[in-house]
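Following: one structure in structure tokens, then a few remarks.
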Amino acid sequence: DADIEDMLTRFREGLAGIPGMVQEPAPHVAVCDETLAGPVVHVRPVASQEAFWSVYWQTNQMIKDELDASGYKPPANGVAIISSAKPAA
């Protein structure tokens, strides 16, 4: 799907701009699962021990920013409750 490929590209490019990332091993961005609600994307940055928390939080912020910028709306899962109980007499 073109939309998910665009999002993966956005995440890869976003990771490249985060200071403290190490290039080896390379960061990992991929679809790791498919659910009824849509694909589950795995974004794994790699950082030095000293920069770990900074990279962690900046990665989460980058993901949010990219989702907002793309206009992505999370799926809304509707639930229908069907009751077969008869009303009390």
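All residue names refer to the structure tokens as shown: chains lettered A, B, ... in order, residues numbered from 1 in each chain, ligands numbered from 1 in order.
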(message) What's around stretch 7-12 of chain A at 12 Å? Count only C-alpha atoms, leave out sequence neighbours fewer than 6 positions away in its own chain, and write the answer as a PyMOL selection string.
(response) chain A and resi 1+18+26-32+39-45+58-72
Take the selection from the previous step and output its residues with N, CA, C and O atoms, as a tab-separated table (two decimals), in the first residue's frame.
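Everything below was put into out-v4.tsv:
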```tsv
chain	number	residue	atom	x	y	z
A	1	ASP	N	0.84	-1.19	0.00
A	1	ASP	CA	0.00	0.00	0.00
A	1	ASP	C	0.88	1.25	0.00
A	1	ASP	O	1.83	1.34	0.76
A	18	ILE	N	17.73	12.70	13.89
A	18	ILE	CA	17.81	12.69	15.35
A	18	ILE	C	19.26	12.60	15.79
A	18	ILE	O	19.95	11.64	15.45
A	26	ALA	N	22.27	-0.22	11.57
A	26	ALA	CA	21.34	0.77	11.03
A	26	ALA	C	20.01	0.73	11.77
A	26	ALA	O	19.60	-0.33	12.26
A	27	PRO	N	19.32	1.86	11.86
A	27	PRO	CA	17.99	1.86	12.46
A	27	PRO	C	17.06	0.95	11.65
A	27	PRO	O	17.25	0.75	10.46
A	28	HIS	N	16.05	0.43	12.32
A	28	HIS	CA	15.12	-0.52	11.68
A	28	HIS	C	13.73	0.09	11.64
A	28	HIS	O	13.20	0.50	12.67
A	29	VAL	N	13.14	0.14	10.44
A	29	VAL	CA	11.77	0.61	10.26
A	29	VAL	C	11.09	-0.37	9.32
A	29	VAL	O	11.53	-0.53	8.18
A	30	ALA	N	10.06	-1.04	9.80
A	30	ALA	CA	9.39	-2.05	8.96
A	30	ALA	C	8.02	-2.37	9.53
A	30	ALA	O	7.74	-2.15	10.71
A	31	VAL	N	7.17	-2.92	8.67
A	31	VAL	CA	5.88	-3.45	9.12
A	31	VAL	C	6.17	-4.79	9.77
A	31	VAL	O	6.79	-5.67	9.16
A	32	CYS	N	5.76	-4.96	11.02
A	32	CYS	CA	6.05	-6.21	11.72
A	32	CYS	C	4.81	-7.07	11.92
A	32	CYS	O	4.93	-8.24	12.29
A	39	PRO	N	-1.73	-2.00	9.73
A	39	PRO	CA	-0.37	-2.50	9.95
A	39	PRO	C	0.21	-1.99	11.26
A	39	PRO	O	-0.10	-0.89	11.71
A	40	VAL	N	1.08	-2.80	11.85
A	40	VAL	CA	1.84	-2.42	13.04
A	40	VAL	C	3.26	-2.17	12.57
A	40	VAL	O	3.89	-3.03	11.96
A	41	VAL	N	3.75	-0.96	12.82
A	41	VAL	CA	5.08	-0.57	12.34
A	41	VAL	C	6.07	-0.61	13.49
A	41	VAL	O	5.81	-0.10	14.58
A	42	HIS	N	7.22	-1.22	13.22
A	42	HIS	CA	8.29	-1.31	14.20
A	42	HIS	C	9.33	-0.25	13.84
A	42	HIS	O	9.85	-0.24	12.73
A	43	VAL	N	9.60	0.67	14.76
A	43	VAL	CA	10.61	1.71	14.57
A	43	VAL	C	11.63	1.52	15.67
A	43	VAL	O	11.33	1.69	16.85
A	44	ARG	N	12.86	1.12	15.28
A	44	ARG	CA	13.89	0.85	16.27
A	44	ARG	C	15.13	1.69	15.98
A	44	ARG	O	15.91	1.36	15.09
A	45	PRO	N	15.30	2.78	16.71
A	45	PRO	CA	16.53	3.55	16.56
A	45	PRO	C	17.67	2.88	17.31
A	45	PRO	O	17.43	2.05	18.19
A	58	GLN	N	13.01	11.55	21.44
A	58	GLN	CA	12.94	12.25	20.16
A	58	GLN	C	12.32	11.36	19.08
A	58	GLN	O	11.62	11.86	18.19
A	59	THR	N	12.57	10.06	19.15
A	59	THR	CA	11.96	9.13	18.19
A	59	THR	C	10.45	9.11	18.37
A	59	THR	O	9.69	9.19	17.40
A	60	ASN	N	9.98	9.02	19.61
A	60	ASN	CA	8.53	9.04	19.86
A	60	ASN	C	7.90	10.34	19.38
A	60	ASN	O	6.82	10.33	18.79
A	61	GLN	N	8.58	11.46	19.61
A	61	GLN	CA	8.06	12.75	19.16
A	61	GLN	C	8.04	12.81	17.64
A	61	GLN	O	7.08	13.30	17.04
A	62	MET	N	9.09	12.30	16.99
A	62	MET	CA	9.15	12.29	15.53
A	62	MET	C	8.00	11.47	14.95
A	62	MET	O	7.36	11.88	13.98
A	63	ILE	N	7.71	10.32	15.54
A	63	ILE	CA	6.61	9.47	15.07
A	63	ILE	C	5.29	10.24	15.16
A	63	ILE	O	4.52	10.29	14.21
A	64	LYS	N	5.04	10.87	16.31
A	64	LYS	CA	3.81	11.65	16.47
A	64	LYS	C	3.75	12.78	15.46
A	64	LYS	O	2.73	13.00	14.81
A	65	ASP	N	4.85	13.51	15.30
A	65	ASP	CA	4.88	14.63	14.36
A	65	ASP	C	4.63	14.17	12.93
A	65	ASP	O	3.90	14.82	12.18
A	66	GLU	N	5.22	13.05	12.53
A	66	GLU	CA	5.04	12.54	11.17
A	66	GLU	C	3.61	12.06	10.94
A	66	GLU	O	3.03	12.27	9.88
A	67	LEU	N	3.03	11.41	11.95
A	67	LEU	CA	1.63	10.98	11.82
A	67	LEU	C	0.71	12.19	11.70
A	67	LEU	O	-0.20	12.21	10.87
A	68	ASP	N	0.95	13.22	12.51
A	68	ASP	CA	0.14	14.44	12.45
A	68	ASP	C	0.30	15.13	11.09
A	68	ASP	O	-0.68	15.55	10.49
A	69	ALA	N	1.54	15.25	10.62
A	69	ALA	CA	1.82	15.95	9.35
A	69	ALA	C	1.21	15.23	8.16
A	69	ALA	O	0.81	15.86	7.18
A	70	SER	N	1.11	13.91	8.25
A	70	SER	CA	0.57	13.13	7.13
A	70	SER	C	-0.96	13.15	7.11
A	70	SER	O	-1.55	12.72	6.13
A	71	GLY	N	-1.57	13.62	8.19
A	71	GLY	CA	-3.03	13.61	8.27
A	71	GLY	C	-3.58	12.24	8.64
A	71	GLY	O	-4.79	12.01	8.58
A	72	TYR	N	-2.72	11.33	9.06
A	72	TYR	CA	-3.15	9.99	9.43
A	72	TYR	C	-4.11	10.05	10.62
A	72	TYR	O	-3.86	10.73	11.60
```
(request) Rank nothing, just name the residue among A:Ala37, A:Leu15, A:Ala47, A:Ala88 nearest to A:Pro75, using only C-alpha atoms. (result) A:Ala37
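Atom pair atom CA of A:Leu36 / atom CA of A:Asn77 has a distance of 9.1 Å (rounded to one decimal).
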(request) Go through A:Ala76, A:Met21, A:Gly38, A:Asp33 and flag the residue nearest A:Phe52, using only C-alpha atoms for the distances. (result) A:Met21
(request) Go ahead and compute the interatomic distance for atom CA of A:Val79 and atom CA of A:Thr35, in Å to one decimal. (result)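 Interatomic distance here is 16.3 Å.
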(request) DSSP on the backbone, then: every residue of stretch 13-78 of chain A marked alpha helix (DSSP H), written as a list in words. (result) Glu13, Gly14, Leu15, Ala16, Phe52, Trp53, Ser54, Val55, Tyr56, Trp57, Gln58, Thr59, Asn60, Gln61, Met62, Ile63, Lys64, Asp65, Glu66, Leu67, Asp68, Ala69 and Ser70 of chain A
(request) Tell me, in Å to one decimal, how far atom CA of A:Ile82 is from atom CA of A:Glu34. (result)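 Computed distance, atom CA of A:Ile82 to atom CA of A:Glu34, equals 27.5 Å.
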(request) List every residue of stretch 30-66 of chain A that DSSP, applied to the backbone of this structure, assigns to strand (DSSP E), and report them as a PyMOL selection string. (result) chain A and resi 30-35+38-44
Dump as a PDB file, in the first residue's frame, selection limited to C-alpha atoms:
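Okay, out.pdb is ready:
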```
ATOM      1  CA  ALA A  30       9.393  -2.051   8.959  1.00  0.00           C
ATOM      2  CA  VAL A  31       5.881  -3.449   9.123  1.00  0.00           C
ATOM      3  CA  CYS A  32       6.047  -6.213  11.722  1.00  0.00           C
ATOM      4  CA  ASP A  33       2.396  -7.289  11.847  1.00  0.00           C
ATOM      5  CA  GLU A  34      -0.955  -6.868  10.140  1.00  0.00           C
ATOM      6  CA  THR A  35      -4.097  -6.534  12.241  1.00  0.00           C
ATOM      7  CA  GLY A  38      -4.118  -1.925  10.115  1.00  0.00           C
ATOM      8  CA  PRO A  39      -0.367  -2.498   9.951  1.00  0.00           C
ATOM      9  CA  VAL A  40       1.837  -2.421  13.043  1.00  0.00           C
ATOM     10  CA  VAL A  41       5.077  -0.573  12.340  1.00  0.00           C
ATOM     11  CA  HIS A  42       8.294  -1.307  14.200  1.00  0.00           C
ATOM     12  CA  VAL A  43      10.610   1.706  14.567  1.00  0.00           C
ATOM     13  CA  ARG A  44      13.887   0.854  16.273  1.00  0.00           C
TER      14      ARG A  44
END
```
(message) Here is a test: counting only C-alpha atoms, which residue of A:Pro74, A:Asp6, A:Val46, A:Trp53 is nearest to A:Glu24?
(response)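 The answer is A:Val46, which sits nearest to A:Glu24.
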